[in-house]
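Peer 1: Dropping in final_39.tsv, with TSV, C-alpha atoms and all ligand atoms.
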chain	number	residue	atom	x	y	z
A	1	MET	CA	-21.93	-11.21	-7.34
A	2	ARG	CA	-19.79	-14.24	-6.61
A	3	PHE	CA	-16.82	-12.36	-5.15
A	4	ALA	CA	-19.00	-10.71	-2.45
A	5	GLN	CA	-20.84	-13.86	-1.40
A	6	GLY	CA	-20.68	-14.66	2.31
A	7	LEU	CA	-19.54	-11.14	3.28
A	8	ASP	CA	-21.58	-8.90	5.55
A	9	TYR	CA	-20.92	-5.61	7.29
A	10	ALA	CA	-21.82	-6.71	10.83
A	11	THR	CA	-19.25	-9.53	10.75
A	12	ILE	CA	-16.64	-7.14	9.33
A	13	VAL	CA	-17.25	-4.63	12.17
A	14	ALA	CA	-17.06	-7.42	14.79
A	15	ALA	CA	-13.74	-8.67	13.36
A	16	SER	CA	-12.39	-5.12	13.27
A	17	GLU	CA	-13.23	-4.62	16.97
A	18	LYS	CA	-11.52	-7.87	17.87
A	19	VAL	CA	-8.16	-7.12	16.22
A	20	ALA	CA	-7.95	-3.34	16.90
A	21	TRP	CA	-4.62	-1.96	18.25
A	22	THR	CA	-3.11	1.44	19.08
A	23	VAL	CA	0.04	2.93	17.58
A	24	ASP	CA	1.69	3.09	21.05
A	25	GLU	CA	1.01	-0.61	21.67
A	26	VAL	CA	2.71	-1.51	18.40
A	27	PHE	CA	5.85	0.62	18.97
A	28	GLN	CA	6.41	0.31	22.75
A	29	ASP	CA	9.34	2.78	22.45
A	30	ARG	CA	11.32	0.27	20.40
A	31	ARG	CA	13.95	1.18	17.82
A	32	ILE	CA	15.51	-0.49	14.79
A	33	ASP	CA	19.05	-1.95	14.69
A	34	PRO	CA	20.73	-0.04	11.81
A	35	SER	CA	23.63	-2.52	11.49
A	36	LYS	CA	21.24	-5.05	9.88
A	37	PRO	CA	18.85	-5.08	6.93
A	38	ILE	CA	15.30	-4.00	7.88
A	39	VAL	CA	13.33	-5.60	5.05
A	40	PRO	CA	13.94	-8.78	3.00
A	41	ALA	CA	16.41	-8.32	0.11
A	42	SER	CA	13.59	-9.20	-2.31
A	43	TRP	CA	11.95	-5.84	-1.49
A	44	VAL	CA	14.99	-4.01	-2.90
A	45	GLY	CA	16.07	-6.29	-5.75
A	46	THR	CA	19.61	-4.87	-6.01
A	47	ASP	CA	21.49	-8.02	-4.89
A	48	GLY	CA	22.74	-8.74	-8.40
A	49	LEU	CA	24.19	-5.27	-9.06
A	50	PRO	CA	28.00	-5.66	-8.97
A	51	PHE	CA	28.81	-1.96	-8.56
A	52	LEU	CA	27.15	-1.71	-5.14
A	53	ARG	CA	29.29	-2.17	-2.02
A	54	GLN	CA	27.95	-3.80	1.14
A	55	GLN	CA	27.33	-0.50	2.96
A	56	GLU	CA	25.41	0.85	-0.04
A	57	GLN	CA	23.27	-2.30	-0.20
A	58	LEU	CA	22.51	-1.93	3.51
A	59	THR	CA	21.58	1.75	3.16
A	60	LEU	CA	19.38	0.95	0.16
A	61	ASN	CA	17.61	-1.66	2.26
A	62	HIS	CA	16.95	0.97	4.95
A	63	CYS	CA	15.78	3.40	2.25
A	64	ARG	CA	13.29	0.84	0.96
A	65	ALA	CA	11.91	0.23	4.46
A	66	PHE	CA	11.43	4.00	4.74
A	67	SER	CA	9.91	4.35	1.26
A	68	TYR	CA	7.32	1.66	1.87
A	69	ALA	CA	6.10	3.34	5.08
A	70	HIS	CA	6.29	6.79	3.46
A	71	LEU	CA	4.33	5.83	0.33
A	72	LEU	CA	1.67	3.75	2.07
A	73	GLY	CA	1.09	6.43	4.69
A	74	ASN	CA	0.56	9.06	1.99
A	75	PHE	CA	-1.47	6.84	-0.33
A	76	GLU	CA	-3.91	6.30	2.54
A	77	GLU	CA	-4.67	10.02	2.85
A	78	PHE	CA	-7.38	9.84	0.20
A	79	ILE	CA	-9.22	6.91	1.77
A	80	PRO	CA	-11.31	8.60	4.53
A	81	LEU	CA	-12.55	11.21	2.02
A	82	HIS	CA	-13.20	8.55	-0.57
A	83	LEU	CA	-15.18	6.44	1.91
A	84	THR	CA	-17.58	9.23	2.76
A	85	ASP	CA	-18.58	9.11	-0.93
A	86	GLY	CA	-19.33	5.43	-0.36
A	87	VAL	CA	-22.02	6.12	2.24
A	88	PRO	CA	-25.29	5.13	0.56
A	89	PRO	CA	-28.24	7.57	0.76
A	90	ALA	CA	-30.33	4.98	2.63
A	91	TRP	CA	-27.72	4.41	5.37
A	92	GLN	CA	-30.31	4.52	8.18
A	93	ALA	CA	-31.51	1.10	7.03
A	94	ASN	CA	-28.11	-0.52	7.59
A	95	ARG	CA	-26.19	0.86	10.58
A	96	ALA	CA	-23.53	-1.86	10.27
A	97	HIS	CA	-22.76	-0.65	6.74
A	98	LEU	CA	-22.18	2.90	8.01
A	99	ARG	CA	-20.09	1.62	10.93
A	100	ALA	CA	-17.96	-0.49	8.58
A	101	LEU	CA	-17.23	2.52	6.36
A	102	LEU	CA	-16.54	4.91	9.26
A	103	ARG	CA	-14.31	2.43	11.12
A	104	PHE	CA	-12.44	1.77	7.89
A	105	GLY	CA	-11.81	5.53	7.48
A	106	GLU	CA	-10.75	5.93	11.12
A	107	GLU	CA	-8.40	2.95	10.86
A	108	GLU	CA	-6.74	4.50	7.81
A	109	LEU	CA	-6.18	7.73	9.77
A	110	LYS	CA	-4.56	5.61	12.47
A	111	HIS	CA	-2.44	3.81	9.84
A	112	GLN	CA	-1.18	7.19	8.63
A	113	GLU	CA	0.03	7.84	12.20
A	114	LEU	CA	1.55	4.35	12.33
A	115	PHE	CA	3.55	4.96	9.15
A	116	ARG	CA	4.54	8.49	10.17
A	117	ARG	CA	5.85	7.14	13.49
A	118	MET	CA	7.72	4.45	11.53
A	119	GLU	CA	9.35	7.14	9.37
A	120	ALA	CA	10.47	9.03	12.51
A	121	VAL	CA	11.80	5.88	14.25
A	122	LEU	CA	13.72	4.87	11.11
A	123	GLU	CA	15.39	8.29	10.94
A	124	GLU	CA	16.24	8.26	14.68
A	125	SER	CA	17.53	4.68	14.55
A	126	CYS	CA	19.56	5.06	11.36
A	127	GLY	CA	20.87	8.51	12.41
A	128	HIS	CA	20.13	10.30	9.13
A	129	PRO	CA	17.13	11.70	7.25
A	130	PHE	CA	15.58	9.84	4.29
A	131	GLY	CA	14.41	11.53	1.10
A	132	ARG	CA	10.66	12.00	0.86
A	133	TYR	CA	8.69	12.31	-2.38
A	134	PHE	CA	5.71	13.68	-0.42
A	135	ASP	CA	6.83	17.00	1.08
A	136	ALA	CA	6.12	18.09	4.67
A	137	ASP	CA	3.97	21.01	3.43
A	138	LYS	CA	1.61	18.40	1.94
A	139	VAL	CA	1.59	20.00	-1.52
A	140	ARG	CA	2.20	16.70	-3.31
A	141	VAL	CA	-0.12	14.58	-1.18
A	142	THR	CA	-2.91	17.14	-1.65
A	143	ALA	CA	-2.44	17.06	-5.45
A	144	PHE	CA	-2.24	13.24	-5.41
A	145	THR	CA	-5.41	12.95	-3.28
A	146	GLU	CA	-7.32	15.39	-5.51
A	147	ALA	CA	-6.23	13.54	-8.66
A	148	ILE	CA	-7.48	10.24	-7.19
A	149	LEU	CA	-10.77	11.71	-6.00
A	150	ALA	CA	-11.37	13.14	-9.50
A	151	HIS	CA	-12.10	9.56	-10.62
A	152	PRO	CA	-15.53	7.96	-9.99
A	153	THR	CA	-16.21	5.95	-6.82
A	154	LEU	CA	-16.28	2.46	-8.38
A	155	PRO	CA	-12.76	2.51	-9.88
A	156	ARG	CA	-11.47	4.03	-6.62
A	157	PHE	CA	-12.91	1.07	-4.70
A	158	LEU	CA	-11.46	-1.29	-7.31
A	159	ILE	CA	-7.90	0.03	-7.02
A	160	LEU	CA	-8.24	0.10	-3.23
A	161	LEU	CA	-9.42	-3.51	-3.25
A	162	ALA	CA	-6.40	-4.48	-5.37
A	163	LEU	CA	-3.93	-2.52	-3.20
A	164	GLU	CA	-5.36	-3.84	0.08
A	165	TRP	CA	-5.27	-7.45	-1.13
A	166	GLY	CA	-1.79	-6.64	-2.44
A	167	THR	CA	-0.46	-5.49	0.96
A	168	GLN	CA	-1.96	-8.63	2.51
A	169	ARG	CA	-0.26	-10.89	0.01
A	170	HIS	CA	3.03	-8.98	0.22
A	171	TYR	CA	3.14	-9.34	4.03
A	172	VAL	CA	2.23	-13.03	3.98
A	173	ASP	CA	4.61	-14.01	1.16
A	174	SER	CA	7.65	-11.90	1.99
A	175	ILE	CA	7.46	-11.65	5.80
A	176	ARG	CA	5.06	-13.95	7.66
A	177	ASP	CA	5.82	-17.14	5.74
A	178	HIS	CA	9.47	-16.27	5.14
A	179	THR	CA	11.17	-17.44	8.30
A	180	GLU	CA	14.91	-16.97	7.56
A	181	GLU	CA	14.87	-13.36	6.44
A	182	ARG	CA	11.86	-11.60	7.93
A	183	GLY	CA	13.41	-8.23	8.68
A	184	ALA	CA	13.64	-6.05	11.81
A	185	PRO	CA	11.20	-7.20	14.57
A	186	LEU	CA	9.64	-3.74	15.06
A	187	TYR	CA	9.18	-3.29	11.31
A	188	VAL	CA	7.57	-6.74	11.07
A	189	ASP	CA	5.20	-5.87	13.92
A	190	VAL	CA	4.17	-2.64	12.16
A	191	LEU	CA	3.40	-4.58	8.98
A	192	LYS	CA	1.54	-7.25	10.96
A	193	ALA	CA	-0.62	-4.66	12.72
A	194	HIS	CA	-1.45	-3.10	9.37
A	195	TRP	CA	-2.20	-6.50	7.85
A	196	LEU	CA	-4.63	-7.37	10.68
A	197	GLU	CA	-6.86	-4.39	9.90
A	198	GLU	CA	-6.46	-4.40	6.12
A	199	ALA	CA	-8.15	-7.81	6.00
A	200	GLN	CA	-11.45	-6.14	6.98
A	201	HIS	CA	-10.92	-3.28	4.52
A	202	ALA	CA	-10.59	-5.61	1.55
A	203	LYS	CA	-13.89	-7.26	2.52
A	204	THR	CA	-15.67	-3.91	2.73
A	205	ASP	CA	-14.15	-2.92	-0.64
A	206	ALA	CA	-15.49	-6.12	-2.21
A	207	LEU	CA	-18.98	-5.37	-0.88
A	208	GLU	CA	-18.84	-1.78	-2.14
A	209	VAL	CA	-17.58	-2.87	-5.57
A	210	ALA	CA	-20.46	-5.37	-5.83
A	211	ARG	CA	-22.99	-2.73	-4.72
A	212	LEU	CA	-21.73	-0.06	-7.11
A	213	ALA	CA	-21.20	-2.39	-10.08
A	214	LYS	CA	-24.64	-4.01	-9.84
A	215	ASP	CA	-26.48	-1.45	-11.97
A	216	LYS	CA	-23.67	-0.61	-14.39
A	217	THR	CA	-23.76	-1.53	-18.09
A	218	PRO	CA	-20.94	-3.63	-19.60
A	219	ASP	CA	-19.64	-0.47	-21.25
A	220	GLU	CA	-19.62	1.47	-17.98
A	221	LEU	CA	-17.76	-1.40	-16.32
A	222	ARG	CA	-15.17	-1.47	-19.10
A	223	VAL	CA	-14.62	2.28	-18.63
A	224	ALA	CA	-14.23	1.76	-14.85
A	225	PHE	CA	-11.18	-0.41	-15.58
A	226	ALA	CA	-9.70	2.32	-17.80
A	227	ASP	CA	-10.02	4.53	-14.69
A	228	VAL	CA	-8.26	1.86	-12.62
A	229	ALA	CA	-5.39	1.92	-15.11
A	230	ALA	CA	-5.24	5.74	-14.84
A	231	LEU	CA	-5.22	5.48	-11.03
A	232	GLY	CA	-2.37	2.97	-11.32
A	233	ALA	CA	-0.43	5.51	-13.38
A	234	LEU	CA	-0.87	8.13	-10.62
A	235	VAL	CA	0.59	5.68	-8.11
A	236	ASP	CA	3.44	4.79	-10.46
A	237	ALA	CA	4.49	8.45	-10.76
A	238	THR	CA	5.09	8.48	-6.99
A	239	PHE	CA	7.36	5.40	-7.34
A	240	VAL	CA	9.48	7.25	-9.90
A	241	GLY	CA	9.81	10.22	-7.52
A	242	GLN	CA	10.55	8.12	-4.42
A	243	VAL	CA	13.19	6.02	-6.21
A	244	ASP	CA	15.09	9.24	-7.02
A	245	GLU	CA	14.91	10.09	-3.31
A	246	GLU	CA	16.34	6.66	-2.44
A	247	ILE	CA	19.28	7.17	-4.80
A	248	ASP	CA	19.94	10.66	-3.38
A	249	THR	CA	19.79	9.34	0.19
A	250	VAL	CA	22.22	6.48	-0.43
A	251	GLN	CA	24.70	8.88	-2.07
A	252	GLN	CA	24.45	11.36	0.82
A	253	VAL	CA	24.77	8.72	3.54
A	254	THR	CA	27.62	6.70	2.03
A	255	GLY	CA	29.48	9.50	0.21
A	256	ARG	CA	29.36	7.47	-3.01
A	257	THR	CA	28.67	9.23	-6.32
A	258	PHE	CA	27.13	6.99	-8.96
A	259	SER	CA	28.01	7.40	-12.63
A	260	ASP	CA	25.16	8.21	-15.03
A	261	GLU	CA	25.10	4.59	-16.16
A	262	GLU	CA	25.05	3.25	-12.59
A	263	SER	CA	22.29	5.70	-11.64
A	264	ALA	CA	20.21	4.61	-14.64
A	265	THR	CA	20.61	0.92	-13.76
A	266	LEU	CA	19.81	1.61	-10.12
A	267	ARG	CA	16.75	3.71	-11.01
A	268	GLU	CA	15.37	0.96	-13.25
A	269	THR	CA	16.05	-1.83	-10.72
A	270	LEU	CA	14.60	0.09	-7.77
A	271	HIS	CA	11.53	1.10	-9.77
A	272	ARG	CA	10.93	-2.52	-10.78
A	273	SER	CA	11.18	-3.82	-7.20
A	274	MET	CA	9.01	-1.02	-5.81
A	275	SER	CA	6.28	-1.66	-8.41
A	276	ALA	CA	6.45	-5.39	-7.66
A	277	CYS	CA	6.08	-4.74	-3.88
A	278	ILE	CA	3.07	-2.43	-4.13
A	279	THR	CA	1.17	-2.54	-7.44
A	280	GLY	CA	2.49	-5.83	-8.90
A	281	VAL	CA	1.25	-7.88	-5.92
A	282	ALA	CA	-2.07	-6.01	-6.15
A	283	LEU	CA	-3.06	-6.04	-9.82
A	284	SER	CA	-1.82	-9.61	-10.31
A	285	HIS	CA	-3.60	-10.87	-7.17
A	286	PRO	CA	-5.68	-13.95	-8.09
A	287	SER	CA	-8.70	-12.68	-6.11
A	288	PHE	CA	-8.56	-9.31	-7.89
A	289	ALA	CA	-8.31	-11.12	-11.23
A	290	LYS	CA	-11.52	-12.99	-10.35
A	291	VAL	CA	-13.32	-9.74	-9.52
A	292	ALA	CA	-12.11	-8.06	-12.71
A	293	LEU	CA	-13.10	-11.02	-14.89
A	294	GLU	CA	-16.55	-11.28	-13.30
A	295	LEU	CA	-17.21	-7.57	-13.84
A	296	SER	CA	-15.66	-7.01	-17.26
A	297	PRO	CA	-13.37	-9.40	-19.17
A	298	GLU	CA	-12.65	-6.57	-21.60
A	299	GLY	CA	-11.81	-4.17	-18.78
A	300	ALA	CA	-9.68	-6.83	-17.06
A	301	ALA	CA	-7.72	-7.24	-20.31
A	302	THR	CA	-6.69	-3.56	-20.19
A	303	LEU	CA	-4.94	-4.39	-16.90
A	304	GLY	CA	-3.29	-7.44	-18.46
A	305	ILE	CA	-5.66	-9.90	-16.72
A	306	ALA	CA	-6.60	-12.72	-19.08
A	307	ARG	CA	-9.37	-15.27	-18.58
A	308	GLU	CA	-7.37	-18.40	-19.42
A	309	LEU	CA	-5.01	-17.85	-16.51
A	310	HIS	CA	-7.78	-18.05	-13.91
B	401	FE	FE	-4.05	1.02	5.84
B	402	FE	FE	-6.83	-0.25	4.37
Please express what this file holds, its structure, as structure tokens.
Ligand SMILES: [Fe+2]
Ligand SMILES: [Fe+2]
Peer 2:
Amino acid sequence: MRFAQGLDYATIVAASEKVAWTVDEVFQDRRIDPSKPIVPASWVGTDGLPFLRQQEQLTLNHCRAFSYAHLLGNFEEFIPLHLTDGVPPAWQANRAHLRALLRFGEEELKHQELFRRMEAVLEESCGHPFGRYFDADKVRVTAFTEAILAHPTLPRFLILLALEWGTQRHYVDSIRDHTEERGAPLYVDVLKAHWLEEAQHAKTDALEVARLAKDKTPDELRVAFADVAALGALVDATFVGQVDEEIDTVQQVTGRTFSDEESATLRETLHRSMSACITGVALSHPSFAKVALELSPEGAATLGIARELH
């Protein structure tokens, strides 16, 4: 398949060894300055809301920095389990393939630690707790992981491919190439570290998608995209829950009580910006559109991807 041309597992493993980092190296006991925004205003999207005072805008910015780390860290919980399903029966014939999958899973476990440490540093630095959709007892993340793993392997690799390309694009567009308003240095370094390893993951995903899609009928491929849409809906439900946590946190921290109308506007605006930051950048990614169109134009259409645009 065209989208997997030029990719091979041995090169992916070598690149992964070259860029590897540890969580301690990234943090170096640094903290975040809570008097400033942590992420670019575009991540929050509330600049145009006239009823928000400066302190509330600042706290919302901190909430969004927290939410991004919190959601990504929890989304990644399903990946190591999912990847073990990706191990082909004939793995002895290709050790690099097995290494690529196992390194990928281990890196995601490390990323979960990275994001958990980021959550803790944000709370210490800002001096208050942030609302969490995923509870500490792991009830929600267990249910979320099980719901994802209930879908077949191919659509799981497809949504992962989209999300991993999405985080790449989001970092490059909103942080790396955005010199005036990049955000807090520690937060940027955390995103950069994540970005360095996600590049290899997206390549492995593309190879797995090509391998799994090879023997599927057009109808099976169309159905795989219906599964991708269902997986997207599972992710979206977590956005709804985390946005409510953001609104609760800003009210608790600033003492402000929003009217029903203000809360509704805020909920809609924050949901829109969160979707844009995580799933919007993923499902509308030009490389993902190419994959979807090569596999199933009909399936791609169910995700709103049309051939004439690409
Ligand atoms: Fe990751
Ligand atoms: Fe990843």
Peer 1: Do a neighbour search on segment 241-245 of chain A at 12 Å with all atoms listed in the file, toss out local chain neighbours closer than 3 positions, and write the hits as a PyMOL selection string.
Peer 2: chain A and resi 44+60+63-72+74+129-135+140+234-238+248-252+263-275
Peer 1: Select, from A:Phe27, A:Trp43, A:Trp91, A:Phe258, the residue with the minimum atom-to-atom distance to Tyr171 of chain A, counting all atoms listed in the file.
Peer 2: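 Of A:Phe27, A:Trp43, A:Trp91, A:Phe258, the one nearest Tyr171 of chain A, counting all atoms listed in the file, is A:Trp43.
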Peer 1: List every protein, DNA or RNA residue with an atom no more than 12 Å from (1.2, 8.0, 15.1) in the file's coordinates, counting all atoms listed in the file, and format the result as a PDB file with C-alpha atoms, keeping the file's coordinate frame.
Peer 2:
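And here's part-v6.pdb as it stands now:
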ATOM      1  CA  TRP A  21      -4.620  -1.960  18.250  1.00  0.00           C
ATOM      2  CA  THR A  22      -3.110   1.440  19.080  1.00  0.00           C
ATOM      3  CA  VAL A  23       0.040   2.930  17.580  1.00  0.00           C
ATOM      4  CA  ASP A  24       1.690   3.090  21.050  1.00  0.00           C
ATOM      5  CA  GLU A  25       1.010  -0.610  21.670  1.00  0.00           C
ATOM      6  CA  VAL A  26       2.710  -1.510  18.400  1.00  0.00           C
ATOM      7  CA  PHE A  27       5.850   0.620  18.970  1.00  0.00           C
ATOM      8  CA  GLY A  73       1.090   6.430   4.690  1.00  0.00           C
ATOM      9  CA  GLU A 107      -8.400   2.950  10.860  1.00  0.00           C
ATOM     10  CA  GLU A 108      -6.740   4.500   7.810  1.00  0.00           C
ATOM     11  CA  LEU A 109      -6.180   7.730   9.770  1.00  0.00           C
ATOM     12  CA  LYS A 110      -4.560   5.610  12.470  1.00  0.00           C
ATOM     13  CA  HIS A 111      -2.440   3.810   9.840  1.00  0.00           C
ATOM     14  CA  GLN A 112      -1.180   7.190   8.630  1.00  0.00           C
ATOM     15  CA  GLU A 113       0.030   7.840  12.200  1.00  0.00           C
ATOM     16  CA  LEU A 114       1.550   4.350  12.330  1.00  0.00           C
ATOM     17  CA  PHE A 115       3.550   4.960   9.150  1.00  0.00           C
ATOM     18  CA  ARG A 116       4.540   8.490  10.170  1.00  0.00           C
ATOM     19  CA  ARG A 117       5.850   7.140  13.490  1.00  0.00           C
ATOM     20  CA  MET A 118       7.720   4.450  11.530  1.00  0.00           C
ATOM     21  CA  GLU A 119       9.350   7.140   9.370  1.00  0.00           C
ATOM     22  CA  ALA A 120      10.470   9.030  12.510  1.00  0.00           C
ATOM     23  CA  VAL A 121      11.800   5.880  14.250  1.00  0.00           C
ATOM     24  CA  VAL A 190       4.170  -2.640  12.160  1.00  0.00           C
TER      25      VAL A 190
END
Peer 1: Could you build a table of the residues in chain A lying no more than 6 Å from ligand FE 402 (chain B), giving for each the nearest pair of atoms and their separation in Å rounded to one decimal place, using all atoms listed in the file, ordered by chain and ascending residue number, as a tab-separated table?
Peer 2:
residue	atom	partner	partner_atom	distance
A:Glu108	CA	B:FE402	FE	5.9
A:Glu164	CA	B:FE402	FE	5.8
A:Glu198	CA	B:FE402	FE	4.5
A:His201	CA	B:FE402	FE	5.1
Peer 1: Do you have the atom CA of Pro40 of chain A-atom CA of Leu283 of chain A distance handy?
Peer 2: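 Straight-line distance from atom CA of Pro40 of chain A to atom CA of Leu283 of chain A works out to 21.5 Å.
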Peer 1: Using all atoms listed in the file and a cutoff of 10 Å, can you tell me which residues are near (-18.6, -6.9, 11.4) in the file's coordinates, and write them out as a VMD selection string?
Peer 2: chain A and resid 7 to 18 96 to 97 99 to 100 200 204
Peer 1: Taking all atoms listed in the file into account, name the residue in A:Asp85, A:Glu124, A:Glu197, A:Asp137 that is nearest to ligand FE 401 (chain B).
Peer 2: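 Among A:Asp85, A:Glu124, A:Glu197, A:Asp137, it is A:Glu197 that comes nearest to ligand FE 401 (chain B).
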Peer 1: In Å, rounded to a single decimal, give me how far atom CA of Leu207 of chain A is from atom CA of Gly86 of chain A.
Peer 2: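 Rounded to one decimal, the two atoms are 10.8 Å apart.
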Peer 1: Rank nothing, just name the residue among A:Pro155, A:Gly166, A:Ala233, A:Gly280 nearest to Gly299 of chain A, using all atoms listed in the file.
Peer 2: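 Ranked by minimum distance to Gly299 of chain A, first place goes to A:Pro155.
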Peer 1: Show me, as a PyMOL selection string, the residues that have an atom within 10 Å of Ala300 of chain A when counting only C-alpha atoms, minus same-chain residues fewer than 4 positions from it.
Peer 2: chain A and resi 221-222+224-226+228-229+283+288-296+304-307
Peer 1: What is the atom CA of Ala301 of chain A to atom CA of Leu149 of chain A distance in Å?
Peer 2: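 For atom CA of Ala301 of chain A relative to atom CA of Leu149 of chain A, the distance reads 23.9 Å.
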Peer 1: Measuring between all atoms listed in the file, which one of A:Thr145, A:Ser174, A:Thr302, A:Ser287 shows the shortest distance to Ser42 of chain A?
Peer 2: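 Selected residue with least distance to Ser42 of chain A: A:Ser174.
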Peer 1: Go through A:Glu261, A:Asp227, A:Glu106, A:Glu220 one by one, measure the shortest atom-to-atom distance of each to ligand FE 401 (chain B) using only C-alpha atoms and all ligand atoms, and give the residue with the smallest value.
Peer 2: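 Closest to ligand FE 401 (chain B) of all the choices is A:Glu106.
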Peer 1: Measuring between only C-alpha atoms, which one of A:Glu56, A:Glu146, A:Glu76, A:Glu181 shows the shortest distance to Val39 of chain A?
Peer 2: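 Ranked by minimum distance to Val39 of chain A, first place goes to A:Glu181.
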Peer 1: How big is the axis-aligned box around all listed atoms of segment 36-41 of chain A once 8 Å goes on each side, and where's its centre, in Å to one decimal, as AutoDock Vina command-line options?
Peer 2:
--center_x 17.3 --center_y -6.4 --center_z 5.0 --size_x 23.9 --size_y 20.8 --size_z 25.8
Peer 1: Complete the atoms of segment 282-294 of chain A to N, CA and C atoms and put them out as a PDB file, in the frame of the given file.
Peer 2:
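Now in part-v5.pdb:
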ATOM      1  N   ALA A 282      -0.655  -6.395  -6.219  1.00  0.00           N
ATOM      2  CA  ALA A 282      -2.070  -6.010  -6.150  1.00  0.00           C
ATOM      3  C   ALA A 282      -2.805  -6.384  -7.432  1.00  0.00           C
ATOM      4  N   LEU A 283      -2.323  -5.849  -8.558  1.00  0.00           N
ATOM      5  CA  LEU A 283      -3.060  -6.040  -9.820  1.00  0.00           C
ATOM      6  C   LEU A 283      -2.956  -7.468 -10.332  1.00  0.00           C
ATOM      7  N   SER A 284      -1.920  -8.201  -9.875  1.00  0.00           N
ATOM      8  CA  SER A 284      -1.820  -9.610 -10.310  1.00  0.00           C
ATOM      9  C   SER A 284      -2.391 -10.563  -9.250  1.00  0.00           C
ATOM     10  N   HIS A 285      -3.044 -10.010  -8.227  1.00  0.00           N
ATOM     11  CA  HIS A 285      -3.600 -10.870  -7.170  1.00  0.00           C
ATOM     12  C   HIS A 285      -4.715 -11.746  -7.740  1.00  0.00           C
ATOM     13  N   PRO A 286      -4.658 -13.064  -7.495  1.00  0.00           N
ATOM     14  CA  PRO A 286      -5.680 -13.950  -8.090  1.00  0.00           C
ATOM     15  C   PRO A 286      -7.112 -13.558  -7.720  1.00  0.00           C
ATOM     16  N   SER A 287      -7.336 -13.070  -6.489  1.00  0.00           N
ATOM     17  CA  SER A 287      -8.700 -12.680  -6.110  1.00  0.00           C
ATOM     18  C   SER A 287      -9.136 -11.442  -6.888  1.00  0.00           C
ATOM     19  N   PHE A 288      -8.200 -10.511  -7.117  1.00  0.00           N
ATOM     20  CA  PHE A 288      -8.560  -9.310  -7.890  1.00  0.00           C
ATOM     21  C   PHE A 288      -8.844  -9.700  -9.343  1.00  0.00           C
ATOM     22  N   ALA A 289      -8.068 -10.654  -9.859  1.00  0.00           N
ATOM     23  CA  ALA A 289      -8.310 -11.120 -11.230  1.00  0.00           C
ATOM     24  C   ALA A 289      -9.728 -11.681 -11.352  1.00  0.00           C
ATOM     25  N   LYS A 290     -10.156 -12.417 -10.323  1.00  0.00           N
ATOM     26  CA  LYS A 290     -11.520 -12.990 -10.350  1.00  0.00           C
ATOM     27  C   LYS A 290     -12.576 -11.880 -10.383  1.00  0.00           C
ATOM     28  N   VAL A 291     -12.387 -10.865  -9.552  1.00  0.00           N
ATOM     29  CA  VAL A 291     -13.320  -9.740  -9.520  1.00  0.00           C
ATOM     30  C   VAL A 291     -13.366  -9.065 -10.893  1.00  0.00           C
ATOM     31  N   ALA A 292     -12.186  -8.769 -11.422  1.00  0.00           N
ATOM     32  CA  ALA A 292     -12.110  -8.060 -12.710  1.00  0.00           C
ATOM     33  C   ALA A 292     -12.781  -8.873 -13.811  1.00  0.00           C
ATOM     34  N   LEU A 293     -12.526 -10.182 -13.827  1.00  0.00           N
ATOM     35  CA  LEU A 293     -13.100 -11.020 -14.890  1.00  0.00           C
ATOM     36  C   LEU A 293     -14.615 -11.170 -14.736  1.00  0.00           C
ATOM     37  N   GLU A 294     -15.094 -11.178 -13.493  1.00  0.00           N
ATOM     38  CA  GLU A 294     -16.550 -11.280 -13.300  1.00  0.00           C
ATOM     39  C   GLU A 294     -17.239  -9.987 -13.745  1.00  0.00           C
TER      40      GLU A 294
END
